[in-house]
Each structure stands twice: as C-alpha cells, then as structure tokens.
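What follows is one structure encoded as structure tokens, with my remarks underneath.
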Amino acid sequence: MKDDVARHALDPCAGSRPLMTVEAAIAHALCLAAAVGEVETVPLDNAIGRVLAQDVTAPFPLPPFDNSAMDGYALRSVDLVGDGPWCLKVVARVAAGEDAAKVAPLNPGQAVRIFTGAPIPSGADAVVMQEKVRRDGDSLILTSPVACGDCIRRAGEDAARGAVLLPAGTLIGAREIGAIASVGLPQIAVRRRINVALICTGSELRQPGEALGPGQIYNSNRFMMVAALRQPWIRMTDLGAVADDPDRLREALVQASRKADLIVTTGGVSVGEEDHMTAQLRRAGGHVEVMKIAMKPGKPLTVGRLGRAVFLGLPGNPVAAFTTWKIIGQRIAARLSGQRDTVRPGVQAEVTETFSRRPGRQEYRPARVVGASGGGSPRIELLDRSFSAKISLICQSDGLAVIPAAAEQVTAGARLEFIPL
C-alpha cells in the first residue's frame, strides 16, 4: 500500500500524474494521523462520547454467581422422575439482593420460591417458571418435567474473569457506559480531546444575519463544519472566515498550528488564481502529502502537515466539503483521537434507473430511498448529477450512492453501496 501511495503522491508539478484513488488517499492520510498520547481520568458520568485509553476487563465473572433468569421456583431436577404430576414442598424464599446461604441446602422433594436475579440456593439445579406450576399452600404441583440448568444464568456466562469487555480505542456510548458500570468502575481513563482548528476561506462569504452585497453568499460551510466538529472527543477552535488574502491565510494557519492536532479548512485548495491555501501552507513551513483525488465531489481535497498538526483542506463547494469530511475527514479525526478504525460498510441498494457517466472518479452521489426490492434491500433514486454546490440536495437525500470509478453505465436494478446520512 505504501508503494501505491508513494506512486500517486502529488506535488505542485504533478499535474500530469494520475489521480490518487480514494482508498490510497485514505491510507496515506491515516499514516499521518498518530493518536494523541495524553490520557486523563474522568468520572463515569462524564465519559460519554470519549475514547477509552485502555482495555476494560472483567475483575470477576459476569454474572458473579448462578442466578435465576425468571420468577419461579428453584428445585432439584432429579426429583421429577417417572410420570407426573409431581408435588414438592416450598420451604423458603429468596429474592434478588439476598444471600442464598440463608437457605438450607435443598433436601429431596423440596423447592424454594425464587425471583429474577436471586442467587440459586445450594442443592438446586433448575428453576421452573411460576406460570408453569400450581401453588397450593406450601405445596407446588408440576405437570411437566424440568431439565437441569433450566432458567439459570450461570456465573461467568456473560464474561469470564479477566475477559476484555471493551478494548482500548472504543468510543464510549450508552451501552459501553453500562458495561463499565457493571464491573464497578466509578471513573475511567480516556484519551484527551483532540484540538481541531477550523478556518473557512472566501472573500465572498458573509455570516448569516449580515446583508449580502453583489457577488456575496452566506457562509454555510463554517456552520456545517462547526456542527460536524461538535463531538465530545473534540475541542474545537473556530477561527472564523478568512478572506482570500495570502498573508491573512498564512497568519491563520500559523496561529492554528500552535495548538491544533488537526487543521480543517474549506475552500482555496483548487488551482485557480484565488486559491492560495496550498501555497500558504508551504510558506508557513508545512507540506502537502495528497492532492487531486479520483473522487467526485472532492477532487481537490488536500492532506498535509504543518508542524505537529495534520492539515485537511476541504473543497469550498458545500456538498463537496460535506462529502469529503464524511468519507475521509472523519476517519482522520477519529484516528487522531485514538479510536479504533472500525469502518462500517454501507448497505447494498438497488438503483431505480439506468444512467451513463464519465468514468475515472469514484462518485458519491446524493440519493433517496424510494422503497424496497423484493429481497428487502433499499431501492434508491439518484439525484442531480451536478450536485457539488447544491446543499439542498444533501438535505433531500437519505444517503450517498457510491459509484465505482470504472463504471461507465449503471443499469436499473444494479446494486451499489449506499452510505446512509
């Protein structure tokens, strides 16, 4: 893979070289993104959305003792021999949270009233559901046999002592919080938040609420990316909108590089006369690793370094910025944060109509779900093929259809990868 990446790596004079594939670009970018090393300990209540710094292991078996899976009666299965019905004597009662040692070991012909989660008394080897028996005073009448082990949760059947419940690099959500709490940990070690600096470029940009002059537009990229970066594992610095002025851009980059692990910019990474970002990155002491990817939208996406920070230059068109962040940028940020690289592939979806296209770039086209195929997979309608600047199309879509770079024609009924949004 490294040879493939090196073969495609581009510099300012590399216009004649082939475009880098999306897969090669991602691999190269991830090589630049070393996880932050600093670790902090946070209370469990504050751990949601953070990244585990070390494995969480079970210090004891889960569950720690044999317990009842049902409300019912604990008994000895060997007492139910021959033809029923059988009659047992109920001699005790045990509920969840009580010590089963308070109950004497069961003798032949005895049973214990038991509730879900309660420990199994000594001598019992099965539990019968209360709905399957009849109670008459202290007598328990059964008409069906019960097998050894029925309705019992065995100690350690969830996890053995020492088993890894959650590996380091896990993003902590509600279910992970539950697992951590189940082993009694009131606090947990997590990696520090990554520092991300955001710079949106463009002399034509105005902020919502300001009046628009001739040739001006509102800065949708800034607010879109601020929203995307509001994650518990990210500490974001918004450096605002910067005009297409080389000196101001370079100053913003230098300022960002002082503390950032990742610098994210939008706009200014193409090859026009007003696209200054790449040149100013170099003048600030940085370097470019990846430019011009065989991806639509997102061909001018740029990845590099400035000081210790990874630089990610997203295109200026809003849909292109959104798409390249989702496909590539999110993975860079996640790798920096120490998250395990567990990419979930999209679902397979069936396209509704035949269309032709120019091959050469892997395309991520907005699409909406319009039904289901006979096999149950989604059927998708692809939206306007000219979409990189049309943010309304993203809002109308349910996801991105992935069209392979080599495809010249896709026929109705063909299956494409579909990435839900």
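As shown in the structure tokens, the chain order sets the letters A, B, ...; within each chain, residues go from 1, and ligands are also counted from 1 in the order they appear.
The neighbours of Leu75 in chain A here are the residues that come within 8 Å of it, using only C-alpha atoms and leaving out any residue fewer than 2 positions away in the same chain; they are Tyr73, Ser77, Leu106, Gln110, Ala111, Val112, Gly123, Ala124, Asp125, Ala126, Val127 and Val128 of chain A.
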Write to file, as a PDB file, in the first residue's frame, the residues of the selection just made, with C-alpha atoms.
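Generated file (part25.pdb):
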ATOM      1  CA  TYR A  73     -39.228 -21.921  41.949  1.00  0.00           C
ATOM      2  CA  SER A  77     -34.465 -31.744  38.659  1.00  0.00           C
ATOM      3  CA  LEU A 106     -32.457 -28.457  49.441  1.00  0.00           C
ATOM      4  CA  GLN A 110     -38.158 -29.541  48.375  1.00  0.00           C
ATOM      5  CA  ALA A 111     -38.358 -26.275  46.394  1.00  0.00           C
ATOM      6  CA  VAL A 112     -37.606 -22.593  47.053  1.00  0.00           C
ATOM      7  CA  GLY A 123     -28.744 -28.123  46.079  1.00  0.00           C
ATOM      8  CA  ALA A 124     -30.998 -26.597  43.398  1.00  0.00           C
ATOM      9  CA  ASP A 125     -30.063 -27.137  39.758  1.00  0.00           C
ATOM     10  CA  ALA A 126     -33.067 -25.743  37.877  1.00  0.00           C
ATOM     11  CA  VAL A 127     -35.774 -23.095  38.035  1.00  0.00           C
ATOM     12  CA  VAL A 128     -39.326 -23.576  36.825  1.00  0.00           C
TER      13      VAL A 128
END
Q | Long-range neighbours of Arg93 in chain A as a PyMOL selection string, 7 Å cut-off, only C-alpha atoms, 2 positions minimum in chain | A | chain A and resi 95+112-114
What are the nearest atom pairs, with distances in Å to one decimal, for all residues of range 14-81 of chain A that come at most 12 Å from range 244-268 of chain A, using only C-alpha atoms, set out by chain and rising residue number as JSON lines?
{"residue": "A:Ala29", "atom": "CA", "partner": "A:Leu262", "partner_atom": "CA", "distance": 11.7}
{"residue": "A:Leu32", "atom": "CA", "partner": "A:Leu262", "partner_atom": "CA", "distance": 10.6}
{"residue": "A:Ala33", "atom": "CA", "partner": "A:Leu262", "partner_atom": "CA", "distance": 8.8}
{"residue": "A:Ala34", "atom": "CA", "partner": "A:Asp261", "partner_atom": "CA", "distance": 9.5}
{"residue": "A:Ala35", "atom": "CA", "partner": "A:Asp261", "partner_atom": "CA", "distance": 9.4}
{"residue": "A:Val36", "atom": "CA", "partner": "A:Asp261", "partner_atom": "CA", "distance": 8.2}
{"residue": "A:Gly37", "atom": "CA", "partner": "A:Asp261", "partner_atom": "CA", "distance": 11.5}
Check your understanding: Residues of range 181-402 of chain A in alpha helix (DSSP H) according to DSSP, as a ChimeraX atom specification?
Key -> /A:181-182,220-229,246-257,277-283,318-324,330-337,391-396
How about saving the chosen residues, C-alpha atoms kept, as a PDB file, in the first residue's frame?
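This went into selection-v1.pdb:
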ATOM      1  CA  ALA A 181     -20.593   0.325  35.403  1.00  0.00           C
ATOM      2  CA  SER A 182     -21.251  -3.440  35.531  1.00  0.00           C
ATOM      3  CA  SER A 220     -22.776  27.704   5.049  1.00  0.00           C
ATOM      4  CA  ASN A 221     -19.516  25.742   5.272  1.00  0.00           C
ATOM      5  CA  ARG A 222     -18.496  27.328   8.552  1.00  0.00           C
ATOM      6  CA  PHE A 223     -21.700  26.425  10.367  1.00  0.00           C
ATOM      7  CA  MET A 224     -21.894  22.994   8.759  1.00  0.00           C
ATOM      8  CA  MET A 225     -18.365  22.136   9.883  1.00  0.00           C
ATOM      9  CA  VAL A 226     -18.804  23.636  13.356  1.00  0.00           C
ATOM     10  CA  ALA A 227     -21.805  21.334  13.766  1.00  0.00           C
ATOM     11  CA  ALA A 228     -19.866  18.331  12.448  1.00  0.00           C
ATOM     12  CA  LEU A 229     -16.986  19.011  14.848  1.00  0.00           C
ATOM     13  CA  PRO A 246      -2.282  35.175   1.102  1.00  0.00           C
ATOM     14  CA  ASP A 247      -0.834  36.935   4.147  1.00  0.00           C
ATOM     15  CA  ARG A 248      -4.003  36.577   6.215  1.00  0.00           C
ATOM     16  CA  LEU A 249      -4.346  32.920   5.264  1.00  0.00           C
ATOM     17  CA  ARG A 250      -0.752  32.182   6.209  1.00  0.00           C
ATOM     18  CA  GLU A 251      -1.174  34.017   9.524  1.00  0.00           C
ATOM     19  CA  ALA A 252      -4.318  31.989  10.286  1.00  0.00           C
ATOM     20  CA  LEU A 253      -2.526  28.726   9.500  1.00  0.00           C
ATOM     21  CA  VAL A 254       0.428  29.586  11.740  1.00  0.00           C
ATOM     22  CA  GLN A 255      -1.933  30.552  14.555  1.00  0.00           C
ATOM     23  CA  ALA A 256      -3.880  27.304  14.160  1.00  0.00           C
ATOM     24  CA  SER A 257      -0.757  25.141  14.123  1.00  0.00           C
ATOM     25  CA  MET A 277      -4.286  27.799   0.676  1.00  0.00           C
ATOM     26  CA  THR A 278      -1.809  25.175  -0.546  1.00  0.00           C
ATOM     27  CA  ALA A 279       0.894  27.737  -1.357  1.00  0.00           C
ATOM     28  CA  GLN A 280       0.469  29.424   2.030  1.00  0.00           C
ATOM     29  CA  LEU A 281       0.615  26.085   3.799  1.00  0.00           C
ATOM     30  CA  ARG A 282       4.066  25.583   2.288  1.00  0.00           C
ATOM     31  CA  ARG A 283       5.153  29.148   3.049  1.00  0.00           C
ATOM     32  CA  PRO A 318     -20.657  22.806   0.399  1.00  0.00           C
ATOM     33  CA  VAL A 319     -21.658  19.324  -0.761  1.00  0.00           C
ATOM     34  CA  ALA A 320     -18.050  18.554  -1.671  1.00  0.00           C
ATOM     35  CA  ALA A 321     -16.913  19.751   1.765  1.00  0.00           C
ATOM     36  CA  PHE A 322     -19.613  17.682   3.478  1.00  0.00           C
ATOM     37  CA  THR A 323     -18.852  14.552   1.466  1.00  0.00           C
ATOM     38  CA  THR A 324     -15.068  14.657   1.786  1.00  0.00           C
ATOM     39  CA  GLN A 330     -13.951  11.888   9.916  1.00  0.00           C
ATOM     40  CA  ARG A 331     -11.549   8.969   9.710  1.00  0.00           C
ATOM     41  CA  ILE A 332      -8.513  11.229  10.112  1.00  0.00           C
ATOM     42  CA  ALA A 333     -10.042  12.887  13.170  1.00  0.00           C
ATOM     43  CA  ALA A 334     -11.068   9.540  14.651  1.00  0.00           C
ATOM     44  CA  ARG A 335      -7.571   8.124  14.174  1.00  0.00           C
ATOM     45  CA  LEU A 336      -6.035  11.168  15.893  1.00  0.00           C
ATOM     46  CA  SER A 337      -8.410  10.675  18.834  1.00  0.00           C
ATOM     47  CA  ILE A 391     -26.572  21.849  -0.454  1.00  0.00           C
ATOM     48  CA  SER A 392     -30.341  21.435  -0.799  1.00  0.00           C
ATOM     49  CA  LEU A 393     -29.714  18.053  -2.469  1.00  0.00           C
ATOM     50  CA  ILE A 394     -27.977  16.730   0.630  1.00  0.00           C
ATOM     51  CA  CYS A 395     -30.997  17.766   2.683  1.00  0.00           C
ATOM     52  CA  GLN A 396     -33.308  15.942   0.253  1.00  0.00           C
TER      53      GLN A 396
END
Problem set entry | Expected answer as a VMD selection string: strand (DSSP E or B) residues in range 100-254 of chain A | chain A and resid 110 to 114 119 126 to 129 133 to 136 139 to 142 152 to 153 159 164 to 166 171 187 to 191 194 to 201 205 to 206 217 to 218 234 to 242
For the residues in that selection, give me C-alpha atoms as a PDB file, in the first residue's frame.
ATOM      1  CA  GLN A 110     -38.158 -29.541  48.375  1.00  0.00           C
ATOM      2  CA  ALA A 111     -38.358 -26.275  46.394  1.00  0.00           C
ATOM      3  CA  VAL A 112     -37.606 -22.593  47.053  1.00  0.00           C
ATOM      4  CA  ARG A 113     -39.649 -19.611  45.887  1.00  0.00           C
ATOM      5  CA  ILE A 114     -37.192 -17.504  43.845  1.00  0.00           C
ATOM      6  CA  PRO A 119     -28.848 -16.429  43.734  1.00  0.00           C
ATOM      7  CA  ALA A 126     -33.067 -25.743  37.877  1.00  0.00           C
ATOM      8  CA  VAL A 127     -35.774 -23.095  38.035  1.00  0.00           C
ATOM      9  CA  VAL A 128     -39.326 -23.576  36.825  1.00  0.00           C
ATOM     10  CA  MET A 129     -41.331 -20.516  35.722  1.00  0.00           C
ATOM     11  CA  VAL A 133     -46.824 -24.606  38.101  1.00  0.00           C
ATOM     12  CA  ARG A 134     -49.725 -24.541  40.564  1.00  0.00           C
ATOM     13  CA  ARG A 135     -49.290 -23.485  44.177  1.00  0.00           C
ATOM     14  CA  ASP A 136     -51.485 -24.859  46.939  1.00  0.00           C
ATOM     15  CA  SER A 139     -47.283 -27.486  48.029  1.00  0.00           C
ATOM     16  CA  LEU A 140     -46.007 -26.972  44.488  1.00  0.00           C
ATOM     17  CA  ILE A 141     -47.641 -29.068  41.769  1.00  0.00           C
ATOM     18  CA  LEU A 142     -45.844 -29.615  38.436  1.00  0.00           C
ATOM     19  CA  ILE A 152     -30.453 -20.405  35.421  1.00  0.00           C
ATOM     20  CA  ARG A 153     -27.883 -17.796  34.422  1.00  0.00           C
ATOM     21  CA  ALA A 159     -17.847 -12.780  30.671  1.00  0.00           C
ATOM     22  CA  VAL A 164     -11.842  -7.888  27.743  1.00  0.00           C
ATOM     23  CA  LEU A 165     -15.249  -6.212  27.799  1.00  0.00           C
ATOM     24  CA  LEU A 166     -14.194  -3.116  25.843  1.00  0.00           C
ATOM     25  CA  LEU A 171     -15.884   5.287  21.575  1.00  0.00           C
ATOM     26  CA  GLN A 187     -14.146   6.503  36.713  1.00  0.00           C
ATOM     27  CA  ILE A 188     -12.298   5.579  33.557  1.00  0.00           C
ATOM     28  CA  ALA A 189      -9.117   6.502  31.678  1.00  0.00           C
ATOM     29  CA  VAL A 190      -9.747   8.226  28.336  1.00  0.00           C
ATOM     30  CA  ARG A 191      -7.577   9.918  25.750  1.00  0.00           C
ATOM     31  CA  ILE A 194      -8.118  16.338  20.104  1.00  0.00           C
ATOM     32  CA  ASN A 195      -7.701  20.021  19.257  1.00  0.00           C
ATOM     33  CA  VAL A 196      -9.219  20.922  15.890  1.00  0.00           C
ATOM     34  CA  ALA A 197      -8.878  24.385  14.348  1.00  0.00           C
ATOM     35  CA  LEU A 198     -11.394  25.395  11.676  1.00  0.00           C
ATOM     36  CA  ILE A 199     -10.706  28.019   9.003  1.00  0.00           C
ATOM     37  CA  CYS A 200     -13.245  28.860   6.300  1.00  0.00           C
ATOM     38  CA  THR A 201     -11.890  30.863   3.369  1.00  0.00           C
ATOM     39  CA  LEU A 205     -18.544  34.917   2.334  1.00  0.00           C
ATOM     40  CA  ARG A 206     -20.820  36.711   4.753  1.00  0.00           C
ATOM     41  CA  ILE A 217     -23.047  34.442  -0.378  1.00  0.00           C
ATOM     42  CA  TYR A 218     -23.656  33.207   3.129  1.00  0.00           C
ATOM     43  CA  ILE A 234     -13.062  17.117  20.019  1.00  0.00           C
ATOM     44  CA  ARG A 235     -12.076  20.519  21.390  1.00  0.00           C
ATOM     45  CA  MET A 236     -12.754  22.901  18.514  1.00  0.00           C
ATOM     46  CA  THR A 237     -11.353  26.372  17.839  1.00  0.00           C
ATOM     47  CA  ASP A 238     -13.322  28.300  15.220  1.00  0.00           C
ATOM     48  CA  LEU A 239     -11.005  30.835  13.570  1.00  0.00           C
ATOM     49  CA  GLY A 240     -13.889  32.137  11.502  1.00  0.00           C
ATOM     50  CA  ALA A 241     -13.941  33.236   7.878  1.00  0.00           C
ATOM     51  CA  VAL A 242     -10.701  34.424   6.290  1.00  0.00           C
TER      52      VAL A 242
END
